[in-house]
file upload_12.csv (CSV, C-alpha atoms)
chain,number,residue,atom,x,y,z
N,119,MET,CA,126.0,116.3,76.6
N,120,PRO,CA,129.2,118.1,77.4
N,121,VAL,CA,129.2,117.6,81.1
N,122,SER,CA,132.7,116.6,82.1
N,123,VAL,CA,132.9,112.9,83.0
N,124,ALA,CA,136.5,113.2,84.0
N,125,ASN,CA,135.9,116.0,86.4
N,126,SER,CA,132.8,114.4,87.8
N,127,ARG,CA,135.0,111.4,88.5
N,128,VAL,CA,137.5,113.6,90.4
N,129,ILE,CA,134.7,115.0,92.5
N,130,TYR,CA,133.2,111.6,93.2
N,131,ASP,CA,136.6,110.0,94.1
N,132,ALA,CA,137.2,112.9,96.5
N,133,LEU,CA,133.9,112.4,98.2
N,134,LYS,CA,134.6,108.7,98.6
N,135,ALA,CA,138.1,109.5,100.0
N,136,CYS,CA,136.3,111.6,102.7
N,137,GLY,CA,134.3,108.5,103.8
N,138,ILE,CA,131.0,109.6,102.3
N,139,ARG,CA,128.7,106.6,102.2
N,140,LEU,CA,125.3,108.2,101.6
N,141,MET,CA,124.4,110.8,99.0
N,142,SER,CA,121.1,112.5,98.4
N,143,ALA,CA,120.4,113.9,95.0
N,144,LEU,CA,117.9,115.6,92.8
N,145,PRO,CA,119.0,115.3,89.2
N,146,GLU,CA,120.1,118.3,87.2
N,147,THR,CA,122.1,118.4,84.0
N,148,TRP,CA,125.6,119.0,85.5
N,149,LEU,CA,125.1,116.3,88.1
N,150,VAL,CA,124.1,113.4,85.8
N,151,HIS,CA,127.5,111.7,85.9
N,152,LEU,CA,127.9,112.1,89.6
N,153,ILE,CA,124.5,110.6,90.2
N,154,ARG,CA,125.3,107.7,87.9
N,155,MET,CA,128.6,107.0,89.7
N,156,ALA,CA,126.7,106.9,93.0
N,157,ASP,CA,124.1,104.6,91.5
N,158,ASP,CA,126.7,102.3,90.1
N,159,ASP,CA,128.7,102.1,93.4
N,160,PRO,CA,127.6,99.3,95.7
N,161,GLU,CA,129.2,101.0,98.6
N,162,MET,CA,127.2,104.1,98.2
N,163,ILE,CA,123.6,104.6,99.5
N,164,LEU,CA,122.0,106.9,96.9
N,165,VAL,CA,118.8,108.6,98.0
N,166,ARG,CA,116.9,110.1,95.1
N,167,LEU,CA,114.7,112.9,96.4
N,168,ALA,CA,111.4,114.5,95.4
N,169,LYS,CA,112.6,117.9,96.6
N,170,GLU,CA,116.0,119.0,97.9
N,171,GLU,CA,115.0,120.0,101.4
N,172,GLU,CA,114.3,116.4,102.2
N,173,GLY,CA,118.0,115.8,101.8
N,174,VAL,CA,118.7,118.0,104.8
N,175,GLY,CA,116.6,115.6,106.9
N,176,VAL,CA,118.2,112.5,105.4
N,177,SER,CA,121.7,113.9,106.0
N,178,ALA,CA,120.8,114.8,109.6
N,179,GLY,CA,119.6,111.3,110.2
N,180,ALA,CA,122.7,109.8,108.6
N,181,HIS,CA,124.9,112.0,110.8
N,182,LEU,CA,123.1,111.2,114.0
N,183,ALA,CA,123.4,107.5,113.0
N,184,GLY,CA,127.1,107.9,112.5
N,185,ALA,CA,127.3,108.0,108.7
N,186,ARG,CA,128.9,110.7,106.6
N,187,SER,CA,126.8,112.0,103.7
N,188,ALA,CA,126.8,114.5,101.0
N,189,MET,CA,124.0,116.4,99.2
N,190,LEU,CA,124.0,116.9,95.4
N,191,MET,CA,121.8,119.7,94.2
N,192,GLN,CA,121.5,122.7,91.8
N,193,ASN,CA,121.6,126.2,93.3
N,194,HIS,CA,117.8,126.3,93.0
N,195,GLY,CA,117.7,123.2,95.1
N,196,PHE,CA,119.8,125.1,97.7
N,197,LEU,CA,117.2,127.9,97.6
N,198,ALA,CA,114.5,125.3,98.1
N,199,SER,CA,116.3,123.9,101.1
N,200,ILE,CA,117.0,127.0,103.2
N,201,ASN,CA,114.4,126.4,105.8
N,202,GLY,CA,115.6,122.9,106.4
N,203,ILE,CA,119.2,124.1,106.5
N,204,VAL,CA,118.4,126.8,109.2
N,205,SER,CA,115.8,125.0,111.2
N,206,CYS,CA,117.3,121.5,111.2
N,207,ALA,CA,121.0,121.6,110.3
N,208,GLN,CA,122.0,124.9,111.9
N,209,LEU,CA,119.5,124.7,114.9
N,210,TYR,CA,120.8,121.2,115.7
N,211,ARG,CA,124.5,121.7,114.7
N,212,ILE,CA,124.4,119.1,111.9
N,213,PRO,CA,127.4,118.9,109.5
N,214,LEU,CA,126.1,119.1,105.9
N,215,LEU,CA,128.4,118.7,102.9
N,216,MET,CA,126.5,120.4,100.1
N,217,LEU,CA,127.7,120.2,96.5
N,218,ILE,CA,125.8,122.8,94.6
N,219,SER,CA,125.9,123.1,90.8
N,220,HIS,CA,126.3,126.8,90.3
N,221,ARG,CA,124.1,127.6,87.3
N,222,GLY,CA,123.5,131.1,86.0
N,223,GLU,CA,127.0,132.5,85.9
N,224,PHE,CA,128.9,133.8,82.8
N,225,GLY,CA,128.4,131.5,79.9
N,226,GLU,CA,124.9,130.4,81.0
N,227,ARG,CA,122.7,129.9,77.9
N,228,ASP,CA,119.5,128.7,79.5
N,229,PRO,CA,117.4,131.8,80.3
N,230,TRP,CA,115.6,130.0,83.1
N,231,GLN,CA,118.8,129.4,85.0
N,232,THR,CA,120.0,133.0,85.0
N,233,GLU,CA,118.3,134.3,88.2
N,234,GLY,CA,119.5,131.8,90.8
N,235,GLY,CA,123.2,132.2,90.1
N,236,GLY,CA,123.3,135.8,91.1
N,237,VAL,CA,121.9,135.2,94.6
N,238,THR,CA,123.6,132.0,95.6
N,239,GLU,CA,126.8,133.3,97.0
N,240,GLU,CA,125.1,136.2,98.8
N,241,LEU,CA,122.7,133.8,100.4
N,242,LEU,CA,125.5,131.5,101.6
N,243,ARG,CA,127.2,134.5,103.2
N,244,ALA,CA,123.9,135.6,104.8
N,245,LEU,CA,123.5,132.1,106.3
N,246,ARG,CA,127.1,132.1,107.4
N,247,ILE,CA,127.8,128.9,105.5
N,248,PRO,CA,131.5,128.6,104.6
N,249,PHE,CA,131.9,127.8,100.9
N,250,ALA,CA,134.5,127.5,98.2
N,251,ARG,CA,134.2,127.5,94.4
N,252,LEU,CA,135.4,124.4,92.5
N,253,GLU,CA,136.6,125.5,89.1
N,254,ASP,CA,139.8,123.5,88.5
N,255,PRO,CA,140.2,119.8,88.9
N,256,ALA,CA,143.6,120.3,90.6
N,257,HIS,CA,142.0,121.9,93.7
N,258,VAL,CA,138.8,119.7,93.9
N,259,ALA,CA,140.1,116.9,96.2
N,260,PRO,CA,141.9,119.2,98.7
N,261,ARG,CA,138.9,121.6,98.9
N,262,ILE,CA,136.4,118.8,99.3
N,263,ARG,CA,138.6,117.2,102.0
N,264,LYS,CA,139.0,120.5,103.9
N,265,ALA,CA,135.3,121.4,103.6
N,266,GLU,CA,134.3,118.0,105.1
N,267,THR,CA,136.9,118.4,107.9
N,268,LEU,CA,135.4,121.8,108.8
N,269,ALA,CA,131.8,120.5,108.6
N,270,GLN,CA,132.7,117.7,111.0
N,271,SER,CA,134.7,119.8,113.5
N,272,ALA,CA,132.3,122.7,113.5
N,273,ASN,CA,129.1,120.6,113.2
N,274,ARG,CA,127.8,123.0,110.6
N,275,PRO,CA,126.8,123.1,107.0
N,276,VAL,CA,129.5,123.8,104.4
N,277,ALA,CA,129.1,124.3,100.6
N,278,LEU,CA,131.1,123.7,97.5
N,279,LEU,CA,130.0,125.4,94.3
N,280,LEU,CA,130.4,123.3,91.2
N,281,CYS,CA,131.3,125.9,88.6
N,282,ARG,CA,130.9,126.0,84.9
N,283,ASP,CA,134.7,125.7,84.1
N,284,LEU,CA,134.8,122.4,86.1
N,285,MET,CA,131.5,120.8,85.0
N,286,TRP,CA,131.0,121.9,81.4
N,287,GLU,CA,133.1,121.2,78.4
N,288,ASP,CA,132.1,123.7,75.7
Y,847,MET,CA,91.5,109.0,121.2
Y,848,LYS,CA,93.7,111.5,122.8
Y,849,ARG,CA,97.3,111.5,121.5
Y,850,ALA,CA,98.7,111.5,125.1
Y,851,ASP,CA,96.8,108.3,125.8
Y,852,ALA,CA,97.9,106.8,122.6
Y,853,LEU,CA,101.5,107.6,123.4
Y,854,ARG,CA,101.2,105.9,126.8
Y,855,ALA,CA,99.6,102.8,125.1
Y,856,ILE,CA,102.5,102.5,122.6
Y,857,TYR,CA,105.3,103.6,124.9
Y,858,SER,CA,106.7,100.1,125.5
Y,859,ARG,CA,107.3,99.8,121.7
Y,860,LEU,CA,109.0,103.2,121.6
Y,861,GLU,CA,111.3,102.2,124.5
Y,862,ARG,CA,112.7,99.4,122.3
Y,863,SER,CA,113.1,101.5,119.2
Y,864,ILE,CA,114.9,104.6,117.8
Y,865,VAL,CA,112.3,107.3,117.9
Y,866,VAL,CA,112.1,110.6,115.9
Y,867,THR,CA,109.2,113.0,116.7
Y,868,ILE,CA,108.0,116.3,115.3
Y,869,MET,CA,107.8,119.5,117.3
Y,870,GLY,CA,105.1,120.8,119.6
Y,871,ALA,CA,102.6,118.7,121.4
Y,872,VAL,CA,104.0,115.2,120.4
Y,873,ALA,CA,107.4,116.1,121.7
Y,874,ALA,CA,106.1,117.6,124.9
Y,875,GLU,CA,103.7,114.8,125.6
Y,876,LEU,CA,106.3,112.1,125.0
Y,877,GLN,CA,108.8,113.8,127.3
Y,878,ALA,CA,106.1,114.1,130.0
Y,879,ILE,CA,105.6,110.3,129.9
Y,880,GLY,CA,109.4,109.8,130.0
Y,881,HIS,CA,112.3,110.9,127.9
Y,882,ARG,CA,114.9,108.3,126.9
Y,883,PRO,CA,118.2,108.7,125.1
Y,884,ASN,CA,116.8,106.8,122.1
Y,885,PHE,CA,114.2,109.6,121.5
Y,886,PHE,CA,115.0,112.6,119.3
Y,887,TYR,CA,112.6,115.5,119.0
Y,888,LEU,CA,112.9,117.6,115.8
Y,889,GLN,CA,111.7,120.9,117.3
Y,890,HIS,CA,111.4,122.7,114.0
Y,891,ALA,CA,112.0,121.9,110.3
Y,892,MET,CA,108.4,120.8,109.8
Y,893,GLY,CA,108.1,118.0,107.4
Y,894,LEU,CA,111.6,116.6,107.8
Y,895,ALA,CA,111.1,114.2,110.7
Y,896,SER,CA,110.2,111.4,108.2
Y,897,SER,CA,113.2,112.3,106.1
Y,898,LEU,CA,115.5,112.2,109.1
Y,899,GLY,CA,114.0,108.9,110.1
Y,900,LEU,CA,114.8,107.6,106.6
Y,901,GLY,CA,118.4,108.8,106.9
Y,902,ILE,CA,118.8,106.8,110.1
Y,903,ALA,CA,117.0,103.7,108.8
Y,904,LEU,CA,119.1,103.6,105.6
Y,905,SER,CA,122.4,104.2,107.4
Y,906,ARG,CA,121.7,101.7,110.2
Y,907,PRO,CA,119.5,98.8,108.9
Y,908,GLU,CA,120.0,96.9,112.2
Y,909,LEU,CA,118.0,99.6,114.1
Y,910,GLN,CA,114.2,99.8,114.3
Y,911,VAL,CA,113.2,103.4,113.7
Y,912,ILE,CA,109.8,104.8,114.6
Y,913,VAL,CA,108.9,108.3,113.3
Y,914,LEU,CA,106.0,110.1,115.2
Y,915,ASP,CA,104.7,112.6,112.6
Y,916,GLY,CA,101.7,114.8,112.4
Y,917,ASP,CA,99.2,115.8,109.7
Y,918,GLY,CA,100.5,119.4,109.4
Y,919,SER,CA,104.1,118.2,109.1
Y,920,VAL,CA,103.3,115.5,106.5
Y,921,LEU,CA,101.3,118.0,104.5
Y,922,MET,CA,104.5,120.1,104.3
Y,923,ASN,CA,106.5,117.2,102.8
Y,924,LEU,CA,104.1,115.0,100.8
Y,925,GLY,CA,106.9,114.3,98.3
Y,926,GLY,CA,108.8,112.7,101.2
Y,927,LEU,CA,106.2,109.9,101.2
Y,928,THR,CA,107.3,109.0,97.7
Y,929,THR,CA,110.9,108.9,98.8
Y,930,LEU,CA,110.0,106.7,101.8
Y,931,ALA,CA,108.1,104.4,99.5
Y,932,ARG,CA,110.9,104.4,96.9
Y,933,TYR,CA,113.4,103.0,99.4
Y,934,ARG,CA,110.8,101.3,101.7
Y,935,PRO,CA,113.3,100.5,104.5
Y,936,GLU,CA,111.9,97.5,106.4
Y,937,ASN,CA,113.1,99.0,109.7
Y,938,LEU,CA,111.1,102.2,109.4
Y,939,LEU,CA,107.6,102.6,111.0
Y,940,HIS,CA,105.9,105.9,110.2
Y,941,VAL,CA,103.1,106.9,112.6
Y,942,VAL,CA,101.1,110.0,111.8
Y,943,PHE,CA,99.0,111.6,114.6
Y,944,ASP,CA,96.2,113.3,112.6
Y,945,ASN,CA,94.3,115.8,114.7
Y,946,GLU,CA,93.2,117.7,111.6
Y,947,SER,CA,94.7,120.8,113.0
Y,948,LEU,CA,97.8,122.9,113.4
Y,949,LEU,CA,97.2,122.7,117.2
Y,950,SER,CA,100.5,124.2,118.3
Y,951,VAL,CA,99.9,127.4,116.4
Y,952,GLY,CA,96.3,128.3,117.1
Y,953,GLY,CA,94.4,125.2,116.1
Y,954,PHE,CA,93.7,126.2,112.6
Y,955,PRO,CA,92.3,123.2,110.6
Y,956,THR,CA,94.5,121.4,108.1
Y,957,ALA,CA,93.4,119.8,104.8
Y,958,THR,CA,92.8,116.5,106.5
Y,959,SER,CA,89.8,118.2,108.2
Y,960,THR,CA,88.2,118.7,104.7
Y,961,GLY,CA,88.8,115.2,103.5
Y,962,SER,CA,92.5,114.7,102.5
Y,963,ASP,CA,93.3,111.2,103.6
Y,964,LEU,CA,96.9,110.8,104.5
Y,965,ALA,CA,96.8,106.9,104.7
Y,966,ALA,CA,95.4,106.9,101.2
Y,967,ILE,CA,98.0,109.4,100.0
Y,968,ALA,CA,100.8,107.2,101.5
Y,969,LYS,CA,99.3,104.1,99.9
Y,970,ALA,CA,99.1,105.9,96.5
Y,971,ALA,CA,102.7,107.0,97.0
Y,972,GLY,CA,103.7,103.4,97.2
Y,973,VAL,CA,104.1,102.8,100.9
Y,974,PRO,CA,103.6,99.0,101.1
Y,975,ARG,CA,101.5,98.9,104.3
Y,976,THR,CA,99.1,101.6,105.4
Y,977,ALA,CA,96.4,101.8,108.0
Y,978,SER,CA,94.1,104.4,109.6
Y,979,VAL,CA,93.1,103.8,113.2
Y,980,ARG,CA,90.9,105.5,115.8
Y,981,SER,CA,91.7,103.9,119.1
Y,982,ALA,CA,94.9,103.4,121.1
Y,983,ASP,CA,94.3,99.6,121.0
Y,984,ASP,CA,94.1,99.6,117.2
Y,985,LEU,CA,97.2,101.7,117.0
Y,986,GLY,CA,99.2,99.3,119.1
Y,987,ARG,CA,97.9,96.4,117.1
Y,988,ALA,CA,98.7,98.0,113.7
Y,989,MET,CA,102.2,98.9,115.0
Y,990,ASP,CA,102.8,95.3,116.2
Y,991,GLU,CA,101.6,93.9,112.8
Y,992,ALA,CA,103.9,96.3,110.9
Y,993,LEU,CA,106.9,95.6,113.1
Y,994,ALA,CA,106.3,91.8,112.8
Y,995,ALA,CA,106.0,92.1,109.0
Y,996,ARG,CA,109.3,94.0,108.8
Y,997,GLU,CA,107.8,96.3,106.2
Y,998,LEU,CA,107.6,100.0,105.8
Y,999,ALA,CA,104.3,101.2,107.1
Y,1000,THR,CA,102.5,104.5,107.5
Y,1001,ILE,CA,99.9,104.3,110.2
Y,1002,VAL,CA,97.6,107.3,110.5
Y,1003,ALA,CA,96.1,107.6,114.0
Y,1004,LYS,CA,93.1,110.0,114.2
Y,1005,VAL,CA,93.4,111.9,117.5
Y,1006,GLU,CA,91.5,114.7,119.2
Y,1007,ALA,CA,92.9,118.2,118.7
Y,1008,VAL,CA,94.0,118.6,122.4
Y,1009,GLY,CA,97.4,119.0,123.8
Y,1010,PRO,CA,99.5,120.3,126.6
Y,1011,SER,CA,99.3,124.0,127.7
Y,1012,GLY,CA,102.9,124.6,126.8
Y,1013,PHE,CA,105.5,123.1,124.5
Y,1014,VAL,CA,108.9,124.2,125.9
Y,1015,THR,CA,110.4,121.5,128.1
Y,1016,ASP,CA,113.5,121.2,130.3
Y,1017,LEU,CA,115.4,119.2,127.7
Y,1018,GLY,CA,117.7,121.4,125.6
Y,1019,LEU,CA,117.6,120.9,121.9
Y,1020,LEU,CA,121.4,120.3,121.6
Y,1021,GLU,CA,121.4,118.2,124.8
Y,1022,ASN,CA,118.9,115.9,123.2
Y,1023,ARG,CA,120.7,115.9,119.8
Y,1024,PHE,CA,124.2,115.0,121.3
Y,1025,GLN,CA,122.7,112.5,123.7
Y,1026,PHE,CA,120.8,110.8,120.9
Y,1027,ALA,CA,123.8,110.7,118.6
Y,1028,ARG,CA,125.9,109.2,121.4
Y,1029,HIS,CA,123.3,106.6,122.1
Y,1030,LEU,CA,123.3,105.5,118.4
Y,1031,ARG,CA,127.1,105.4,118.5
Y,1032,GLN,CA,127.2,103.2,121.5
Y,1033,LYS,CA,124.7,100.9,119.9
Y,1034,GLN,CA,127.2,100.5,117.0
Y,1035,ALA,CA,130.2,99.9,119.2

call {"tool": "encode", "arguments": {"input": "upload_12.csv", "output": "structure tokens"}}
result
Amino acid sequence: MPVSVANSRVIYDALKACGIRLMSALPETWLVHLIRMADDDPEMILVRLAKEEEGVGVSAGAHLAGARSAMLMQNHGFLASINGIVSCAQLYRIPLLMLISHRGEFGERDPWQTEGGGVTEELLRALRIPFARLEDPAHVAPRIRKAETLAQSANRPVALLLCRDLMWED
Amino acid sequence: MKRADALRAIYSRLERSIVVTIMGAVAAELQAIGHRPNFFYLQHAMGLASSLGLGIALSRPELQVIVLDGDGSVLMNLGGLTTLARYRPENLLHVVFDNESLLSVGGFPTATSTGSDLAAIAKAAGVPRTASVRSADDLGRAMDEALAARELATIVAKVEAVGPSGFVTDLGLLENRFQFARHLRQKQA
């Protein structure tokens, strides 16, 4: 499976460097290494979800309890989480660090993944969620660090889009 | 049993715990009995109160967390029961007030009115301790047993579909949220 182990490691290490100690996740192909890294890390609390919206509640609880967290999901998981993002995280000013695998862009071979990619960025804009694309391992660590800084200072959700050039080795 | 009477009967247990409630009648009735800085009311995001309680329980194992849920909310996040059961934090007690109704939005019946059994669903999801109770005394007893056992429990309390005339209270949502977070921070210090 040509998901990049090296770049998954860069992402994981950047999250750890931000003090993330809880991750919620729902598996998807591009996230397999990240989830395994969290599972193998005794310092990380990994919460495997049944549906991504639960992760908004879990992260909100972690934040109120004083722990930094991150959410790993596919863009369709983001679509499934929007009510929780608006009616929990935005209503209550909860910082969320969302790492969203951005399926459905140029190069996508799976027909079933082609619809969500086209609406993801527009929905993030509509929700006024600041986001950045992660495409090159060189900018992963600083962008994750800056995203987490803004999430904490603004008490708002932020998103990082894990793009094909970073996650997939054709 | 009326939910307001049940809340009064279990209030001393809530005082000692970290409490997360759902929106609507539960939040308004608990605030009418007495708000405390260790109470957080999730006034929207139906279904996520149990997930939020899980996030607190996993992040702070030294705290006892009690989630006050409702049938309508649980039905919106049945998968969340499997997540609770998967991690089964021993410091999480999940109480579901089941009035078989979406009382806050017109009183339309939920699926528990036609036989869906939330305690049985929780048990089948893997929650290690479940109970269904019909009196305030039995609710208090079931909660005491679960707290003493230090075991994740879902206790379904069957209550009448009656509630307060209004749901908006004097406590601002963000005031509650920041006060609650500060309380948890001070407990850590």

call {"tool": "interface_residues", "arguments": {"input": "upload_12.csv", "of": "chain N", "to": "chain Y", "cutoff": "12 Å", "atoms": "all atoms listed in the file", "output": "MDAnalysis selection string"}}
result
chainID N and resid 138:144 161:188 199:212 273

call {"tool": "atom_distance", "arguments": {"input": "upload_12.csv", "atom1": "CA of Val1002 (chain Y)", "atom2": "CA of Gln877 (chain Y)"}}
result
21.2 Å

call {"tool": "residues_around", "arguments": {"input": "upload_12.csv", "residues": "Val979 (chain Y)", "least_positions_apart": "4", "cutoff": "9 Å", "atoms": "all atoms listed in the file", "output": "PyMOL selection string"}}
result
chain Y and resi 983-985+988+1001-1004

call {"tool": "atom_distance", "arguments": {"input": "upload_12.csv", "atom1": "CA of Ala132 (chain N)", "atom2": "CA of His257 (chain N)"}}
result
10.6 Å

call {"tool": "atom_distance", "arguments": {"input": "upload_12.csv", "atom1": "CA of Thr238 (chain N)", "atom2": "CA of Ser919 (chain Y)"}}
result
27.4 Å

call {"tool": "closest_residue", "arguments": {"input": "upload_12.csv", "among": "N:Leu197, N:Leu190, N:Leu284, N:Val150", "to": "Gly235 (chain N)", "atoms": "only C-alpha atoms"}}
result
N:Leu197

call {"tool": "residues_around", "arguments": {"input": "upload_12.csv", "residues": "Gly953 (chain Y)", "least_positions_apart": "2", "cutoff": "12 Å", "atoms": "all atoms listed in the file", "output": "ChimeraX atom specification"}}
result
/Y:871,918,945-951,955-956,959,1006-1009

call {"tool": "write_last_selection", "arguments": {"input": "upload_12.csv", "atoms": "C-alpha atoms", "output": "PDB file, in the frame of the given file"}}
result
ATOM      1  CA  ALA Y 871     102.600 118.700 121.400  1.00  0.00           C
ATOM      2  CA  GLY Y 918     100.500 119.400 109.400  1.00  0.00           C
ATOM      3  CA  ASN Y 945      94.300 115.800 114.700  1.00  0.00           C
ATOM      4  CA  GLU Y 946      93.200 117.700 111.600  1.00  0.00           C
ATOM      5  CA  SER Y 947      94.700 120.800 113.000  1.00  0.00           C
ATOM      6  CA  LEU Y 948      97.800 122.900 113.400  1.00  0.00           C
ATOM      7  CA  LEU Y 949      97.200 122.700 117.200  1.00  0.00           C
ATOM      8  CA  SER Y 950     100.500 124.200 118.300  1.00  0.00           C
ATOM      9  CA  VAL Y 951      99.900 127.400 116.400  1.00  0.00           C
ATOM     10  CA  PRO Y 955      92.300 123.200 110.600  1.00  0.00           C
ATOM     11  CA  THR Y 956      94.500 121.400 108.100  1.00  0.00           C
ATOM     12  CA  SER Y 959      89.800 118.200 108.200  1.00  0.00           C
ATOM     13  CA  GLU Y1006      91.500 114.700 119.200  1.00  0.00           C
ATOM     14  CA  ALA Y1007      92.900 118.200 118.700  1.00  0.00           C
ATOM     15  CA  VAL Y1008      94.000 118.600 122.400  1.00  0.00           C
ATOM     16  CA  GLY Y1009      97.400 119.000 123.800  1.00  0.00           C
TER      17      GLY Y1009
END

call {"tool": "residues_around", "arguments": {"input": "upload_12.csv", "residues": "Arg854 (chain Y)", "least_positions_apart": "2", "cutoff": "10 Å", "atoms": "only C-alpha atoms", "output": "PyMOL selection string"}}
result
chain Y and resi 849-852+856-858+860+875-876+879-880+982

call {"tool": "residues_around", "arguments": {"input": "upload_12.csv", "residues": "Leu964 (chain Y)", "least_positions_apart": "3", "cutoff": "10 Å", "atoms": "all atoms listed in the file", "output": "list in words"}}
result
Asp917, Val920, Leu921, Leu924, Leu927, Val942, Asp944, Ala957, Thr958, Gly961, Ile967, Ala968, Lys969, Ala970, Thr976, Ala977, Ser978, Thr1000, Ile1001 and Val1002 of chain Y
